[in-house]
Amino acid sequence: MVELWWLTMTRDRLFLYDVTLRDGAQTQGVDFSVEDKRAIALALDVLGIDYVEGGWPGANPADTAFFAERPPLATARFAAFGMTKRAGRSVGNDPGFAAVLDAPADAVTLVGKSWDFQVDVALEIPRAENLDSIAESIAAVKQRGREALFDAEHFFDGYASNPDYALDCIKAAHDSGAGWVVLCDTNGGSMPETVHRVVSEVKAKFPEMALGIHAHNDTEQAVAVSLAALRAGARQIQGTLNGLGERCGNANLCTILPTLLLKEPYASQFETGVSLERLKTLTRASRMLDEILNRAPARHAAYVGPSAFAHKGGLHSSAMLKDTRTYEHVPPESVGNRRKILVSDQAGRSNLLARLAEAGIDIDAKDPRLAKLLENVKQREYLGYTYDGAEASFELLARKALGEVPDYFEVDSFRVIVERRHNALGNLVTVSEATVRVRVDGESFYSVDTGHGPVDALSNALRKDLGKYSGYLADLSLADYKVRILTAGTEAVTRVMVESKDGTGTRFSTVGVSDNIVDASFEALVDAIYLKLLRDGAEA
Ligand SMILES: [Zn+2]
């Protein structure tokens, strides 16, 4: 008999569970509004994540408000998070527990202790009482008609300390109707090998139990730990966008998703709710979270970072022009990212050509203006400019060399004052005020404005009145600002990188160099305005 093995080979369904809105919200400096939570939940739904955990209803006003109006998720199940009922109280007499149970969610995830040490020291209750609390709480969730998940907190530490008790805890949850038992590496210190062994042992002991993994990144291995658990039989992975989470973060879904879909052995063994088509929205989701947090994206983040597909060096670039697989492990488009060819002083002609193509500038390789531009780039890099990460200034420089940049305006002069004084209330304040005189079409414009510091004041004054161009600049704002003192040529100079963003969320970086920090900043600001006008097609 001929066996059609490929017809019988089915991929295992793997479920993805996002905790950005709960664990991610626990992060220092993170404070999601209800609108933020809604936007993140919808982006996760578009990606195809199976479970979106909304937070802990009743624990804080934002989470309570978020649960009051359920986000319109198309496919994802909406989960509420909470704790097993308090010791010494009945399920019906614990208001915190009731708030979780009452939330309009499809699933309820309850965290409970599974480490004897935690039961003895943190809860200070008899161990048997903890088991009862787990069982009664999970049963109450099931009675409400909700899907029940149990997060076994500190499971791997608990298993190392007292395996029988740790197993009793998850068995109590499973026997009471938990559809998923999620093994948590709460302190984030477990090694992938250990997690693989422990999950295998749990799986052997309870073959019917559906297991999940919730890993923290305290040894930079949360992704490896999650994949190890998967290989050992776990079928649910929990994580967050960009690995957001307290301390060193959670398992990073932005790394896990493309790895599962694009890498073997996972791609042919597992099926997820995320399709190859939906994976292309990953970089957008990652950047949206950065935008909400007002953070610059992590440059070197795998798959989604701005540098994940950036190439520097003449040798790499010339090979890249022939076939991108020479220096890329997956195509950037597969995760919705972009390729970047960096210009550097080691750059050859091929590098420059590739970088020009990247900026959308079409030029013949034999064009004599190319040699001049290359010379110009090298000269400026010698003076301290860098175009790695200042793609907008590079584009401007290149288009100027090709005669494509009109003289939109000229700056006649500027002045900034920084004054520290006592205000009318007697408080010590520092005030920055800038005046800028520009000329547009021969007409003079004079603007004065204040700001948080001299650069902000200059930026405000410069954009305040640029005549017919003012309309183009209304949505332009400063997103990030970096200063470096370096030795260029023979003297110390200041290099300023300014990141600007427009109303569509598009970010672009410009650079300025001078022996004066305000001057360098001003140069980068003017570049940003020029680029905005150029990209928006402003008429000169
Ligand atoms: Zn966690």
# chains A, B, ... in the order shown; residues from 1 in each chain; ligands from 1
call {"tool": "closest_atom_pairs", "arguments": {"of": "chain A", "to": "ligand 1", "cutoff": "7 Å", "atoms": "only C-alpha atoms and all ligand atoms", "output": "tab-separated table"}}
result
residue	atom	partner	partner_atom_place_in_ligand_line	distance
A:Asp23	CA	ligand 1	1 (Zn)	5.4
A:Thr186	CA	ligand 1	1 (Zn)	5.6
A:His214	CA	ligand 1	1 (Zn)	6.5
A:Ala215	CA	ligand 1	1 (Zn)	6.9
A:His216	CA	ligand 1	1 (Zn)	6.3
A:Asn250	CA	ligand 1	1 (Zn)	6.6
call {"tool": "write_last_selection", "arguments": {"atoms": "N, CA, C and O atoms", "output": "PDB file, in the first residue's frame"}}
result
ATOM      1  N   ASP A  23       0.679  42.923  31.058  1.00  0.00           N
ATOM      2  CA  ASP A  23       2.093  42.895  31.445  1.00  0.00           C
ATOM      3  C   ASP A  23       2.842  44.099  30.877  1.00  0.00           C
ATOM      4  O   ASP A  23       3.668  44.703  31.538  1.00  0.00           O
ATOM      5  N   THR A 186       7.880  33.480  35.664  1.00  0.00           N
ATOM      6  CA  THR A 186       7.575  34.819  36.164  1.00  0.00           C
ATOM      7  C   THR A 186       8.830  35.646  36.431  1.00  0.00           C
ATOM      8  O   THR A 186       8.871  36.838  36.134  1.00  0.00           O
ATOM      9  N   HIS A 214       4.514  31.346  29.277  1.00  0.00           N
ATOM     10  CA  HIS A 214       4.545  32.798  29.502  1.00  0.00           C
ATOM     11  C   HIS A 214       5.944  33.106  30.036  1.00  0.00           C
ATOM     12  O   HIS A 214       6.262  32.807  31.178  1.00  0.00           O
ATOM     13  N   ALA A 215       6.799  33.642  29.184  1.00  0.00           N
ATOM     14  CA  ALA A 215       8.194  33.812  29.567  1.00  0.00           C
ATOM     15  C   ALA A 215       8.583  35.279  29.689  1.00  0.00           C
ATOM     16  O   ALA A 215       8.139  36.117  28.895  1.00  0.00           O
ATOM     17  N   HIS A 216       9.415  35.560  30.660  1.00  0.00           N
ATOM     18  CA  HIS A 216       9.986  36.901  30.806  1.00  0.00           C
ATOM     19  C   HIS A 216      11.446  36.880  30.360  1.00  0.00           C
ATOM     20  O   HIS A 216      12.080  35.836  30.319  1.00  0.00           O
ATOM     21  N   ASN A 250       8.789  41.038  28.290  1.00  0.00           N
ATOM     22  CA  ASN A 250       8.182  39.722  28.065  1.00  0.00           C
ATOM     23  C   ASN A 250       8.738  39.134  26.778  1.00  0.00           C
ATOM     24  O   ASN A 250       9.464  39.793  26.053  1.00  0.00           O
TER      25      ASN A 250
END
call {"tool": "residues_around", "arguments": {"residues": "segment 458-474 of chain A", "least_positions_apart": "6", "cutoff": "9 Å", "atoms": "only C-alpha atoms", "output": "ChimeraX atom specification"}}
result
/A:408-409,414-416,432-440,443,445-451,502-503,518,521-522,525-526,529,532-533,536,538-539
call {"tool": "atom_distance", "arguments": {"atom1": "atom CA of Gly92 of chain A", "atom2": "atom CA of Val141 of chain A"}}
result
11.7 Å
call {"tool": "select_by_dssp", "arguments": {"residues": "segment 259-290 of chain A", "states": "helix (DSSP H, G or I)", "output": "list in words"}}
result
Thr259, Leu260, Leu261, Leu262, Tyr266, Ala267, Ser268, Gln269, Leu276, Glu277, Arg278, Leu279, Leu282, Thr283, Arg284, Ala285, Ser286, Arg287, Met288, Leu289 and Asp290 of chain A
call {"tool": "closest_residue", "arguments": {"among": "A:Gly179, A:Pro306, A:Gly403, A:Pro332", "to": "Glu208 of chain A", "atoms": "only C-alpha atoms"}}
result
A:Gly179
